[in-house]
Amino acid sequence: MTTPQTDFERRKQISVRGIAEVADVNEIKKTFNRHLHYTLVKDRNVATVRDYYFALAHTVKDHLVSRWIRTQQYYYETDPKRVYYLSLEFYMGRSLTNTMINVGIQSACDEALYQLGLNIEELEDVEEDAGLGNGGLGRLAACFLDSMATLGMAAYGYGIRYEYGIFAQKIINGEQQEEPDDWLRFGNPWEKDRPEYMIPINFYGHVEDTPTGKKWLNTQVVFALPYDSPVPGYGNNVVNTLRLWSAKSPIDFNLKFFNDGDYIQAVLDRNLAENISRVLYPNDNFFEGKELRLKQEYFMCAATLQDIIRRFKASKFGCRENIRFNFELLPEKVAIQLNDTHPSLAIPELMRILVDIEHLPWDVAWKITVATCAYTNHTVLPEALERWPTTMLESILPRHMQIIYQINHFHLEDVLKKWPGDMDRMRRMSLIEEDGGKRVNMAHLSIVGSHAVNGVARIHSEIIKKDLFKDFYELTPEKFQNKTNGITPRRWLLMCNPGLSDVISNRIGEEWIVHLDQLRQLKKFAKDSSFQTEVMKVKQENKLRLAELLEKDYGVKVNPASLFDIQVKRIHEYKRQLLNCLHIITLYNRIKKNPSAKFTPRTIMIGGKAAPGYYTAKKIIKLINFVGNVVNNDPIVGDKLKVIYLENYRVTLAEKIIPAADLSEQISTAGTEASGTGNMKFMLNGALTIGTLDGANVEMAEEMGNENIFIFGMTVDEVEALQRTGYNAYEYYEKNPELKQVIDQIQNGFFSPGNPDEFKDIADILLKYDRFYLLADYEAYIAMQDKVSQVYENQPKWLQMVIHNIASSGKFSSDRTIIEYGKDIWGVEPNYTKLPEPHESRDLQLG
Ligand SMILES: *Cc1c(COP(=O)(O)O)cnc(C)c1O
C-alpha cells in the first residue's frame with residue numbers, strides 16, 4: 001500500500017476546484033505577513049504554529065468582512081422576512097477551512113502558504129473546535145446555518161457564547177474523565193463583540209398590578225453582551241450572522257455590599273451574574289432541572305427577542321408604519337424557530353413584551369405570537385422532556401409564570417369546548433402537570449404557542465402524532481408536520497473528504513455541492529469497475545490516514561485492510577453501544593473457539609462522550625475499553641479483531657473518522673432515535689449501514705433500496721407488541737448459547753479479573769431492567785453482521801452497494817431540509833442571487 005496523499009497534496013493537484021489567481025495569492029501573502037506583524041506582533045524567527053494559524057485566520061476573515069457588511073446592507077435595503085433560529089446549542093466545530101472553501105479562496109490560500117514555506121494542514125489543526133453543543137441537535141443547528149446562508153435566506157442563529165463548551169474527554173484506565181473546554185484561552189479570531197447592542201435581562205423581583213397593566217419590579221439585572229460570528233454561504237458572497245450572548249454584570253451589581261463597606265466582596269460577586277454563560281450543560285437527551293440552566297434558557301430568549309424587535313422596529317418596513325407601530329405585521333416579517341423546547345420561554349417572553357410593554361390586547365398578542373413561532377421536537381424519551389417546577393419559575397420569572405397560567409387557562413377552554421366534560425383529557429393536555437409537584441410541561445407550552453410543530457424524520461413525526469402528542473394532534477392536526485433532518489454537503493463531503501469529492505466531480509461535475517440530488521447521476525457507475533476502483537482507492541487512502549492518526553495520537557496499530565466498523569455518537573442506553581459490545585464479545589469467543597476458521601478481519605471503533613452524571617453510560621465506556629484490552633492483547637486473535645475506543649469524539653474528529661468508515665452502526669431501538677444525522681454523514685462518505693428501522697434510517701433504506709443496507713431487528717410495531725406482552729430477557733438468554741456465554745462473561749468478571757463484580761450491574765440491566773430490549777435484537781444483529789462480513793469479502797458487490805449509497809444520499813442535504821422549512825413553516829423562499837464580489841463596487845457602510 002502506498003503512503004496516502006495529504007489533503008494538501010491532493011488540493012494542489014485538483015483541477016475542478018479552480019486554479020489560484022497569481023494576484024490573489026500575492027494579496028493573501030501580503031495580508032498574512034501584515035497580520036503576523038501588526039496583529040500578532042511577531043516575526044518569522046519567533047512565530048509559532050499558533051501565530052501562523054491566527055495570521056491566516058485573520059487573513060481569511062478579512063475576505064469575509066466586506067461580504068458580511070454588504071449582505072446585512074442588502075437585507076436592510078430589500079427587507080425580506082427574517083428567520084431566527086433559536087438554539088441553546090450550535091456545534092460549529094472549526095471555521096478556517098470551511099470559510100476558505102465557502103468564500104472560494106482555498107486554492108489561493110494553499111498556494112500562498114506553500115510559497116511561504118508553511119504547512120497549512122498543521123496550521124488548521126491548531127484551531128479549537130467551537131464545541132457549543134452536545135451532539136446531533138447542536139450540529140443540526142450548525143448545518144442549518146450553512147444551508148440558510150447558501151440558500152440566501154436572511155437568517156440569524158441566536159444562542160449563548162459559553163465560556164466552556166462540551167468537556168474534553170480523556171480515557172484513563174478505561175474510564176472517562178472530563179476536562180473543561182477552555183476554547184477561548186487563545187482568543188477567537190472569528191467573533192466580533194458588539195457592546196453597543198448590550199441588552200439588560202431581568203430576573204426574580206415581583207409583579208404589581210398598576211392602572212397601566214402588570215409591572216415586573218425590583219428585578220436583578222444581568223446584561224447580555226452579543227458576539228457575532230460570520231456564517232458564509234457557499235459561493236454566493238452571502239455572509240449571515242450567528243449572534244451569541246455573553247452574560248455581563250451591571251456596574252452596580254451587588255452595590256448593597258459596596259455600601260456596607262465590603263468592596264472586595266462586591267467585586268467578587270460580579271462573577272455570580274456572569275456565571276450564566278459560563279458553561280454548556282453536557283446532557284444529551286436528558287433533562288436536568290437546574291436553576292442555572294433555566295436562567296440560561298431565559299437569558300438567551302429575552303436577549304434575542306429584544307434584538308428581534310429592535311431590528312423589526314428599525315426596518316424599512318417598520319419605519320413605514322410611522323404612527324403607531326403595527327405589531328400585527330410581525331409574523332409577515334419574522335419567523336422564530338425553536339430548536340427543541342430549550343428556547344420555549346420565547347413564547348411567554350414575546351407575550352410579555354406585546355402585552356405589558358407594547359400594551360396590545362391579549363388575544364391580538366396571542367395571535368401574533370402563535371403565527372410567529374414554530375417548534376421542532378427532537379425526542380420522545382420521557383427523561384429528556386423539560387418540565388420546570390412552577391416554584392422555580394415563580395421565583396426566577398414571576399411574570400412569565402402568570403402568563404403561562406393565562407395561556408393555559410385559554411388553552412383548556414379550547415380543550416373543553418372540543419371535548420366537553422372530558423376531565424381526563426384536560427388533565428393530560430394541561431401545560432401544568434400536577435402529579436408529584438407542579439411542573440410546566442414545556443413541550444405542551446411550545447405546541448400551544450406555535451403555528452407549526454415538527455418531528456425530524458418521517459417515523460418520528462408519526463410517533464409524535466400517534467403517541468407523544470396524540471391529544472394535541474387531535475386538537476390541532478394542521479399544526480403537525482415532518483421535516484426530515486439533513487447535513488451540509490460542504491462540510492460533510494467537500495471539506496472532510498476531498499478525495500471522494502474529486503472522484504465524484506470528475507464524473508458528474510460540481511453541481512452536487514449545492515444540489516446534492518445530482519449524486520443520483522452516479523447510479524449508472526455503480527457497476528463500472530474503473531469507478532469502483534477510484535472509490536475504493538479513496539477509501540483505502542482515508543483508512544490509511546486514519547490508521548496513521550490512531551498510531552500517532554493514541555499509539556494503537558490497526559490493520560488498514562480490515563473492515564472499519566464504526567459507531568460514533570453520544571453514549572446513551574437507547575443508542576445501544578452495548579449491543580455492539582455484545583457482538584464484539586461474540587466474535588472474540590468465535591475466534592477463541594475455532595482459531596483456524598475463516599474470519600473477515602475487523603477493526604471495531606466506538607467513540608462518544610457520556611454525560612458526566614450518567615452512571616450507566618460511563619460504565620458502558622469502561623466495559624468497551626476492558627473488552628478491548630482482552631481482545632487486543634490476545635495473541636490467538638492477532639490481526640483479526642481490534643477494538644478501539646476513539647477518545648474525545650467531536651466535530652473535528654468526526655471529519656477525520658467518517659471518511660474512513662466501511663460500516664456505520666445505527667442500531668438504536670426502533671422508535672427511540674428521532675432522526676440521527678451521523679447515519680447520513682456515513683452514507684454520504686461511502687460507508688454501508690447496519691441499522692434498525694429507526695429515525696432517518698427508514699428513509700435512507702427507502703432512498704437506496706433495502707438491498708443496499710443491512711437492516712435488522714424489531715420494527716416500532718414489534719417493539720410496541722413486545723412492550724404489551726411483556727419483555728423477558730431471560731428467554732433470549734436461555735435460548736441462545738452464544739448470547740448466554742457473552743452475558744455470563746460480563747457477569748462473572750471475565751473482562752475485569754481484578755474486580756469480578758465490575759460489570760455485574762451491566763449484566764443486571766441486560767437481564768432485568770433493560771428498557772431498550774437489547775437481547776430481543778441480539779440474534780438478528782449477529783446474523784446481519786455475519787452477512788456484512790460475507791458481502792465485504794465480495795469487494796465488487798460491496799463497492800456497488802457503496803456507490804448506490806452515495807448516489808442515494810441527495811435527500812439528506814440540509815439544503816433540502818431548509819427549503820422545506822422555508823416553504824411549509826416560515827413562508828420564506830431561497831434567494832439564489834449571487835451578491836457582488838467585494839471589489840465590484842465600493843463598500844457601503846451600515847446604518
Ligand atoms: C453528527 C454528529 C453527532 C450526531 O450523531 P448521531 O449518530 O446522529 O447521534 C454527534 N456528534 C458529532 C460530533 C457529530 O458530528
# chains A, B, ... in the order shown; residues from 1 in each chain; ligands from 1
call {"tool": "residues_around", "arguments": {"residues": "region 354-364 of chain A", "least_positions_apart": "2", "cutoff": "8 Å", "atoms": "only C-alpha atoms", "output": "NGL selection string"}}
result
:A and (213-215 or 328 or 350-352 or 366-368)
call {"tool": "residues_around", "arguments": {"residues": "region 450-464 of chain A", "least_positions_apart": "4", "cutoff": "8 Å", "atoms": "only C-alpha atoms", "output": "number ranges by chain"}}
result
A: 369-378, 380, 446, 468-470, 478-485, 671, 673-675, 694-696, 698-699, 825
call {"tool": "residues_near_ligand", "arguments": {"ligand": "ligand 1", "cutoff": "8 Å", "atoms": "only C-alpha atoms and all ligand atoms", "output": "list in words"}}
result
Tyr91, Asn134, Gly135, Gly136, Leu137, Arg139, Leu140, Gln567, Val568, Lys569, Arg570, Lys575, Gly608, Tyr649, Arg650, Val651, Thr652, Leu653, Ala654, Glu655, Gln666, Ser675, Gly676, Thr677, Gly678, Asn679 and Lys681 of chain A
call {"tool": "write_last_selection", "arguments": {"atoms": "N, CA, C and O atoms", "output": "JSON list (two decimals), in the first residue's frame"}}
result
[["chain", "number", "residue", "atom", "x", "y", "z"],
["A", 91, "TYR", "N", -23.18, 23.56, 17.46],
["A", 91, "TYR", "CA", -21.96, 22.74, 17.49],
["A", 91, "TYR", "C", -21.20, 22.99, 16.17],
["A", 91, "TYR", "O", -21.29, 22.21, 15.22],
["A", 134, "ASN", "N", -23.80, 19.44, 22.27],
["A", 134, "ASN", "CA", -23.60, 18.10, 22.82],
["A", 134, "ASN", "C", -23.48, 17.03, 21.74],
["A", 134, "ASN", "O", -22.68, 16.12, 21.86],
["A", 135, "GLY", "N", -24.31, 17.14, 20.72],
["A", 135, "GLY", "CA", -24.36, 16.10, 19.70],
["A", 135, "GLY", "C", -25.22, 16.52, 18.53],
["A", 135, "GLY", "O", -25.10, 17.65, 18.04],
["A", 136, "GLY", "N", -26.12, 15.65, 18.13],
["A", 136, "GLY", "CA", -26.90, 15.86, 16.91],
["A", 136, "GLY", "C", -27.69, 17.16, 16.87],
["A", 136, "GLY", "O", -27.70, 17.84, 15.85],
["A", 137, "LEU", "N", -28.35, 17.51, 17.98],
["A", 137, "LEU", "CA", -29.20, 18.71, 18.00],
["A", 137, "LEU", "C", -28.38, 19.98, 17.74],
["A", 137, "LEU", "O", -28.79, 20.86, 16.97],
["A", 139, "ARG", "N", -25.33, 20.09, 16.32],
["A", 139, "ARG", "CA", -24.71, 20.03, 15.00],
["A", 139, "ARG", "C", -25.76, 20.33, 13.91],
["A", 139, "ARG", "O", -25.45, 20.95, 12.91],
["A", 140, "LEU", "N", -27.01, 19.94, 14.14],
["A", 140, "LEU", "CA", -28.08, 20.26, 13.19],
["A", 140, "LEU", "C", -28.20, 21.78, 13.03],
["A", 140, "LEU", "O", -28.32, 22.29, 11.92],
["A", 567, "GLN", "N", -18.92, 3.05, 15.31],
["A", 567, "GLN", "CA", -20.10, 3.64, 15.98],
["A", 567, "GLN", "C", -19.63, 4.85, 16.78],
["A", 567, "GLN", "O", -18.99, 4.70, 17.82],
["A", 568, "VAL", "N", -19.90, 6.03, 16.26],
["A", 568, "VAL", "CA", -19.54, 7.26, 16.98],
["A", 568, "VAL", "C", -20.78, 8.12, 17.16],
["A", 568, "VAL", "O", -21.47, 8.45, 16.21],
["A", 569, "LYS", "N", -21.06, 8.49, 18.39],
["A", 569, "LYS", "CA", -22.24, 9.27, 18.78],
["A", 569, "LYS", "C", -22.21, 9.37, 20.29],
["A", 569, "LYS", "O", -21.42, 8.68, 20.94],
["A", 570, "ARG", "N", -23.04, 10.22, 20.89],
["A", 570, "ARG", "CA", -23.10, 10.26, 22.34],
["A", 570, "ARG", "C", -23.41, 8.87, 22.90],
["A", 570, "ARG", "O", -24.14, 8.10, 22.27],
["A", 575, "LYS", "N", -29.08, 4.25, 22.35],
["A", 575, "LYS", "CA", -28.28, 4.11, 21.13],
["A", 575, "LYS", "C", -27.61, 2.74, 21.04],
["A", 575, "LYS", "O", -27.06, 2.36, 20.02],
["A", 608, "GLY", "N", -17.44, 8.38, 21.72],
["A", 608, "GLY", "CA", -18.53, 9.25, 22.16],
["A", 608, "GLY", "C", -18.38, 9.62, 23.62],
["A", 608, "GLY", "O", -17.72, 8.91, 24.38],
["A", 649, "TYR", "N", -14.54, 12.21, 21.03],
["A", 649, "TYR", "CA", -15.30, 12.38, 19.78],
["A", 649, "TYR", "C", -15.96, 13.76, 19.76],
["A", 649, "TYR", "O", -16.59, 14.19, 20.73],
["A", 650, "ARG", "N", -15.75, 14.47, 18.66],
["A", 650, "ARG", "CA", -16.25, 15.84, 18.50],
["A", 650, "ARG", "C", -16.31, 16.12, 17.00],
["A", 650, "ARG", "O", -15.92, 15.25, 16.21],
["A", 651, "VAL", "N", -16.73, 17.30, 16.59],
["A", 651, "VAL", "CA", -16.93, 17.57, 15.16],
["A", 651, "VAL", "C", -15.63, 17.31, 14.37],
["A", 651, "VAL", "O", -15.64, 16.63, 13.34],
["A", 652, "THR", "N", -14.51, 17.84, 14.89],
["A", 652, "THR", "CA", -13.25, 17.71, 14.15],
["A", 652, "THR", "C", -12.82, 16.25, 14.02],
["A", 652, "THR", "O", -12.27, 15.85, 12.98],
["A", 653, "LEU", "N", -13.07, 15.45, 15.06],
["A", 653, "LEU", "CA", -12.71, 14.04, 14.95],
["A", 653, "LEU", "C", -13.66, 13.33, 13.98],
["A", 653, "LEU", "O", -13.24, 12.47, 13.20],
["A", 654, "ALA", "N", -14.94, 13.72, 14.00],
["A", 654, "ALA", "CA", -15.91, 13.14, 13.07],
["A", 654, "ALA", "C", -15.45, 13.34, 11.62],
["A", 654, "ALA", "O", -15.55, 12.43, 10.79],
["A", 655, "GLU", "N", -14.91, 14.52, 11.34],
["A", 655, "GLU", "CA", -14.47, 14.83, 9.98],
["A", 655, "GLU", "C", -13.31, 13.93, 9.55],
["A", 655, "GLU", "O", -13.10, 13.72, 8.35],
["A", 666, "GLN", "N", -25.86, 2.04, 13.28],
["A", 666, "GLN", "CA", -27.02, 2.89, 13.61],
["A", 666, "GLN", "C", -28.09, 1.99, 14.20],
["A", 666, "GLN", "O", -29.09, 1.68, 13.55],
["A", 675, "SER", "N", -34.11, 11.08, 14.63],
["A", 675, "SER", "CA", -33.67, 11.03, 13.25],
["A", 675, "SER", "C", -32.29, 10.41, 13.15],
["A", 675, "SER", "O", -32.06, 9.41, 12.47],
["A", 676, "GLY", "N", -31.34, 11.03, 13.89],
["A", 676, "GLY", "CA", -29.94, 10.74, 13.66],
["A", 676, "GLY", "C", -29.48, 11.58, 12.48],
["A", 676, "GLY", "O", -30.26, 11.89, 11.56],
["A", 677, "THR", "N", -28.23, 12.03, 12.54],
["A", 677, "THR", "CA", -27.63, 12.70, 11.39],
["A", 677, "THR", "C", -26.27, 12.07, 11.10],
["A", 677, "THR", "O", -25.79, 12.14, 9.97],
["A", 678, "GLY", "N", -25.69, 11.42, 12.11],
["A", 678, "GLY", "CA", -24.46, 10.66, 11.90],
["A", 678, "GLY", "C", -24.68, 9.64, 10.78],
["A", 678, "GLY", "O", -23.84, 9.50, 9.87],
["A", 679, "ASN", "N", -25.81, 8.95, 10.83],
["A", 679, "ASN", "CA", -26.16, 7.98, 9.78],
["A", 679, "ASN", "C", -26.01, 8.57, 8.37],
["A", 679, "ASN", "O", -25.48, 7.95, 7.46],
["A", 681, "LYS", "N", -24.13, 11.24, 7.43],
["A", 681, "LYS", "CA", -22.73, 11.56, 7.14],
["A", 681, "LYS", "C", -21.99, 10.34, 6.61],
["A", 681, "LYS", "O", -21.21, 10.42, 5.65]]
call {"tool": "select_by_dssp", "arguments": {"residues": "region 535-664 of chain A", "states": "alpha helix (DSSP H)", "output": "PyMOL selection string"}}
result
chain A and resi 535-554+577-593+615-632+651-657
call {"tool": "residues_around", "arguments": {"residues": "Glu89 (chain A)", "least_positions_apart": "4", "cutoff": "7 Å", "atoms": "only C-alpha atoms", "output": "list in words"}}
result
Leu132, Gly133, Gly138 and Gly159 of chain A
call {"tool": "residues_around", "arguments": {"residues": "region 106-111 of chain A", "least_positions_apart": "4", "cutoff": "6 Å", "atoms": "only C-alpha atoms", "output": "ChimeraX atom specification"}}
result
/A:20,25,100-101
call {"tool": "residues_around", "arguments": {"residues": "Leu113 (chain A)", "least_positions_apart": "4", "cutoff": "12 Å", "atoms": "only C-alpha atoms", "output": "tab-separated table (two decimals) with all heavy atoms, in the first residue's frame"}}
result
chain	number	residue	atom	x	y	z
A	8	PHE	N	-3.41	18.27	1.54
A	8	PHE	CA	-2.76	19.41	0.90
A	8	PHE	C	-2.25	19.03	-0.49
A	8	PHE	O	-2.49	19.74	-1.46
A	8	PHE	CB	-1.62	19.92	1.78
A	8	PHE	CG	-0.79	20.97	1.10
A	8	PHE	CD1	-1.34	22.22	0.81
A	8	PHE	CD2	0.52	20.71	0.73
A	8	PHE	CE1	-0.58	23.19	0.17
A	8	PHE	CE2	1.28	21.68	0.09
A	8	PHE	CZ	0.74	22.91	-0.19
A	12	LYS	N	-3.61	20.50	-4.14
A	12	LYS	CA	-2.77	21.16	-5.14
A	12	LYS	C	-3.03	20.63	-6.55
A	12	LYS	O	-2.90	21.36	-7.52
A	12	LYS	CB	-1.29	20.98	-4.78
A	12	LYS	CG	-0.86	21.89	-3.65
A	12	LYS	CD	0.64	22.13	-3.67
A	12	LYS	CE	1.07	22.78	-4.97
A	12	LYS	NZ	2.48	23.17	-4.98
A	25	VAL	N	-3.08	35.14	-4.80
A	25	VAL	CA	-2.03	34.53	-3.97
A	25	VAL	C	-1.13	35.60	-3.38
A	25	VAL	O	-0.82	35.59	-2.18
A	25	VAL	CB	-1.21	33.52	-4.80
A	25	VAL	CG1	-0.03	32.98	-3.99
A	25	VAL	CG2	-2.10	32.36	-5.27
A	26	ASN	N	-0.72	36.54	-4.20
A	26	ASN	CA	0.17	37.62	-3.71
A	26	ASN	C	-0.53	38.48	-2.66
A	26	ASN	O	0.07	38.85	-1.65
A	26	ASN	CB	0.63	38.50	-4.88
A	26	ASN	CG	1.65	37.75	-5.75
A	26	ASN	OD1	2.28	36.80	-5.27
A	26	ASN	ND2	1.77	38.15	-7.00
A	27	GLU	N	-1.81	38.75	-2.89
A	27	GLU	CA	-2.58	39.54	-1.94
A	27	GLU	C	-2.68	38.81	-0.59
A	27	GLU	O	-2.52	39.42	0.47
A	27	GLU	CB	-4.00	39.76	-2.53
A	27	GLU	CG	-4.99	40.49	-1.63
A	27	GLU	CD	-4.53	41.90	-1.25
A	27	GLU	OE1	-3.83	42.53	-2.07
A	27	GLU	OE2	-4.88	42.34	-0.13
A	28	ILE	N	-2.92	37.51	-0.64
A	28	ILE	CA	-3.04	36.73	0.59
A	28	ILE	C	-1.70	36.70	1.34
A	28	ILE	O	-1.66	36.87	2.57
A	28	ILE	CB	-3.56	35.30	0.28
A	28	ILE	CG1	-5.07	35.38	-0.02
A	28	ILE	CG2	-3.31	34.35	1.44
A	28	ILE	CD1	-5.63	34.17	-0.69
A	29	LYS	N	-0.62	36.53	0.61
A	29	LYS	CA	0.71	36.54	1.26
A	29	LYS	C	0.95	37.87	1.96
A	29	LYS	O	1.43	37.92	3.10
A	29	LYS	CB	1.82	36.28	0.23
A	29	LYS	CG	1.96	34.81	-0.12
A	29	LYS	CD	2.65	34.57	-1.45
A	29	LYS	CE	4.12	34.96	-1.46
A	29	LYS	NZ	4.70	34.73	-2.81
A	30	LYS	N	0.57	38.94	1.27
A	30	LYS	CA	0.79	40.28	1.83
A	30	LYS	C	-0.03	40.47	3.12
A	30	LYS	O	0.48	40.91	4.15
A	30	LYS	CB	0.37	41.35	0.79
A	30	LYS	CG	1.42	42.42	0.56
A	30	LYS	CD	1.09	43.33	-0.61
A	30	LYS	CE	-0.15	44.19	-0.37
A	30	LYS	NZ	-0.53	44.97	-1.57
A	31	THR	N	-1.30	40.12	3.02
A	31	THR	CA	-2.19	40.27	4.19
A	31	THR	C	-1.72	39.40	5.35
A	31	THR	O	-1.74	39.82	6.51
A	31	THR	CB	-3.64	39.91	3.81
A	31	THR	OG1	-3.96	40.55	2.58
A	31	THR	CG2	-4.61	40.34	4.88
A	32	PHE	N	-1.33	38.19	5.01
A	32	PHE	CA	-0.85	37.25	6.03
A	32	PHE	C	0.35	37.85	6.78
A	32	PHE	O	0.39	37.87	8.01
A	32	PHE	CB	-0.47	35.93	5.36
A	32	PHE	CG	0.09	34.90	6.30
A	32	PHE	CD1	-0.74	34.01	6.96
A	32	PHE	CD2	1.46	34.81	6.52
A	32	PHE	CE1	-0.22	33.05	7.81
A	32	PHE	CE2	2.00	33.86	7.38
A	32	PHE	CZ	1.14	32.98	8.03
A	33	ASN	N	1.32	38.35	6.02
A	33	ASN	CA	2.52	38.95	6.65
A	33	ASN	C	2.16	40.18	7.47
A	33	ASN	O	2.73	40.41	8.54
A	33	ASN	CB	3.56	39.29	5.58
A	33	ASN	CG	4.26	38.03	5.07
A	33	ASN	OD1	4.54	37.12	5.87
A	33	ASN	ND2	4.50	37.96	3.77
A	52	TYR	N	0.92	31.50	13.26
A	52	TYR	CA	0.62	31.37	11.84
A	52	TYR	C	-0.86	31.07	11.62
A	52	TYR	O	-1.48	31.58	10.69
A	52	TYR	CB	1.49	30.27	11.21
A	52	TYR	CG	2.97	30.62	11.15
A	52	TYR	CD1	3.93	29.71	11.57
A	52	TYR	CD2	3.40	31.86	10.65
A	52	TYR	CE1	5.28	30.02	11.51
A	52	TYR	CE2	4.74	32.18	10.60
A	52	TYR	CZ	5.68	31.26	11.03
A	52	TYR	OH	7.01	31.58	10.97
A	53	TYR	N	-1.41	30.22	12.49
A	53	TYR	CA	-2.86	29.95	12.38
A	53	TYR	C	-3.65	31.26	12.52
A	53	TYR	O	-4.54	31.56	11.71
A	53	TYR	CB	-3.34	28.93	13.42
A	53	TYR	CG	-4.83	29.05	13.65
A	53	TYR	CD1	-5.75	28.69	12.67
A	53	TYR	CD2	-5.33	29.63	14.83
A	53	TYR	CE1	-7.11	28.87	12.84
A	53	TYR	CE2	-6.70	29.82	15.01
A	53	TYR	CZ	-7.59	29.45	14.02
A	53	TYR	OH	-8.93	29.65	14.18
A	55	ALA	N	-2.65	34.31	12.09
A	55	ALA	CA	-2.41	35.21	10.96
A	55	ALA	C	-3.26	34.79	9.76
A	55	ALA	O	-3.87	35.64	9.08
A	55	ALA	CB	-0.93	35.21	10.60
A	56	LEU	N	-3.34	33.48	9.53
A	56	LEU	CA	-4.15	33.00	8.41
A	56	LEU	C	-5.65	33.24	8.67
A	56	LEU	O	-6.39	33.67	7.78
A	56	LEU	CB	-3.87	31.51	8.16
A	56	LEU	CG	-4.65	30.88	7.00
A	56	LEU	CD1	-4.42	31.62	5.68
A	56	LEU	CD2	-4.28	29.40	6.85
A	59	THR	N	-6.46	36.75	8.05
A	59	THR	CA	-6.41	36.99	6.61
A	59	THR	C	-7.72	36.53	5.95
A	59	THR	O	-8.33	37.27	5.16
A	59	THR	CB	-5.23	36.21	5.98
A	59	THR	OG1	-4.02	36.61	6.64
A	59	THR	CG2	-5.12	36.48	4.50
A	106	GLN	N	-9.74	28.77	-1.16
A	106	GLN	CA	-8.93	27.69	-0.61
A	106	GLN	C	-7.65	27.46	-1.41
A	106	GLN	O	-6.56	27.39	-0.83
A	106	GLN	CB	-9.73	26.38	-0.52
A	106	GLN	CG	-8.98	25.34	0.32
A	106	GLN	CD	-9.65	23.98	0.32
A	106	GLN	OE1	-10.38	23.62	-0.60
A	106	GLN	NE2	-9.39	23.21	1.36
A	107	SER	N	-7.79	27.38	-2.73
A	107	SER	CA	-6.56	27.08	-3.50
A	107	SER	C	-5.58	28.24	-3.45
A	107	SER	O	-4.37	28.02	-3.39
A	107	SER	CB	-6.89	26.69	-4.94
A	107	SER	OG	-7.95	27.48	-5.44
A	108	ALA	N	-6.10	29.47	-3.40
A	108	ALA	CA	-5.20	30.63	-3.29
A	108	ALA	C	-4.46	30.60	-1.94
A	108	ALA	O	-3.25	30.88	-1.87
A	108	ALA	CB	-5.98	31.93	-3.45
A	109	CYS	N	-5.17	30.25	-0.87
A	109	CYS	CA	-4.53	30.17	0.45
A	109	CYS	C	-3.52	29.03	0.50
A	109	CYS	O	-2.42	29.18	1.05
A	109	CYS	CB	-5.58	29.99	1.55
A	109	CYS	SG	-6.57	31.47	1.83
A	117	GLY	N	6.38	28.65	2.65
A	117	GLY	CA	7.07	27.54	3.31
A	117	GLY	C	6.36	27.03	4.54
A	117	GLY	O	7.00	26.50	5.45
A	118	LEU	N	5.05	27.20	4.58
A	118	LEU	CA	4.29	26.76	5.76
A	118	LEU	C	3.36	25.61	5.40
A	118	LEU	O	2.83	25.56	4.28
A	118	LEU	CB	3.49	27.93	6.34
A	118	LEU	CG	4.33	29.07	6.91
A	118	LEU	CD1	3.47	30.28	7.21
A	118	LEU	CD2	5.08	28.61	8.16
A	119	ASN	N	3.14	24.71	6.35
A	119	ASN	CA	2.27	23.57	6.17
A	119	ASN	C	0.87	23.94	6.63
A	119	ASN	O	0.57	24.01	7.83
A	119	ASN	CB	2.82	22.38	6.97
A	119	ASN	CG	1.93	21.15	6.88
A	119	ASN	OD1	0.80	21.21	6.36
A	119	ASN	ND2	2.44	20.04	7.37
A	120	ILE	N	-0.02	24.17	5.68
A	120	ILE	CA	-1.36	24.70	6.02
A	120	ILE	C	-2.16	23.71	6.87
A	120	ILE	O	-2.93	24.11	7.75
A	120	ILE	CB	-2.13	25.12	4.75
A	120	ILE	CG1	-3.35	25.98	5.12
A	120	ILE	CG2	-2.53	23.93	3.92
A	120	ILE	CD1	-3.98	26.73	3.96
A	121	GLU	N	-1.96	22.40	6.64
A	121	GLU	CA	-2.71	21.41	7.44
A	121	GLU	C	-2.32	21.48	8.91
A	121	GLU	O	-3.16	21.29	9.79
A	121	GLU	CB	-2.44	20.01	6.91
A	121	GLU	CG	-3.07	19.79	5.55
A	121	GLU	CD	-3.23	18.32	5.24
A	121	GLU	OE1	-2.33	17.53	5.60
A	121	GLU	OE2	-4.24	17.97	4.63
A	122	GLU	N	-1.04	21.73	9.15
A	122	GLU	CA	-0.57	21.86	10.52
A	122	GLU	C	-1.20	23.09	11.18
A	122	GLU	O	-1.60	23.05	12.35
A	122	GLU	CB	0.96	21.98	10.50
A	122	GLU	CG	1.64	21.64	11.81
A	122	GLU	CD	3.13	21.96	11.77
A	122	GLU	OE1	3.74	21.99	10.67
A	122	GLU	OE2	3.70	22.21	12.84
A	123	LEU	N	-1.34	24.17	10.42
A	123	LEU	CA	-1.99	25.38	10.96
A	123	LEU	C	-3.45	25.10	11.27
A	123	LEU	O	-3.96	25.49	12.32
A	123	LEU	CB	-1.93	26.54	9.96
A	123	LEU	CG	-0.59	27.00	9.41
A	123	LEU	CD1	-0.73	28.41	8.84
A	123	LEU	CD2	0.48	26.95	10.46
A	124	GLU	N	-4.12	24.45	10.32
A	124	GLU	CA	-5.55	24.16	10.50
A	124	GLU	C	-5.80	23.36	11.78
A	124	GLU	O	-6.82	23.53	12.44
A	124	GLU	CB	-6.10	23.40	9.28
A	124	GLU	CG	-6.21	24.27	8.04
A	124	GLU	CD	-6.44	23.47	6.75
A	124	GLU	OE1	-6.18	22.25	6.73
A	124	GLU	OE2	-6.87	24.08	5.76
call {"tool": "atom_distance", "arguments": {"atom1": "CA of Arg816 (chain A)", "atom2": "CA of Ile487 (chain A)"}}
result
9.4 Å
call {"tool": "residues_around", "arguments": {"residues": "Trp512 (chain A)", "least_positions_apart": "2", "cutoff": "12 Å", "atoms": "only C-alpha atoms", "output": "VMD selection string"}}
result
chain A and resid 488 to 490 493 to 494 501 to 502 504 to 510 514 to 522 684 806 to 807 809 to 811 813 815
call {"tool": "residues_around", "arguments": {"residues": "region 172-180 of chain A", "least_positions_apart": "6", "cutoff": "10 Å", "atoms": "only C-alpha atoms", "output": "VMD selection string"}}
result
chain A and resid 163 to 166 279 609 to 612 617 to 629 645 647 to 648
call {"tool": "select_by_dssp", "arguments": {"residues": "region 294-510 of chain A", "states": "strand (DSSP E)", "output": "VMD selection string"}}
result
chain A and resid 334 to 339 373 to 376 387 to 389 432 to 433 439 to 441 452 to 455 480 to 482
call {"tool": "atom_distance", "arguments": {"atom1": "CA of Asn236 (chain A)", "atom2": "CA of Ser315 (chain A)"}}
result
23.8 Å
call {"tool": "closest_residue", "arguments": {"among": "A:Tyr792, A:Tyr234, A:Tyr473, A:Tyr730", "to": "Met495 (chain A)", "atoms": "only C-alpha atoms"}}
result
A:Tyr234
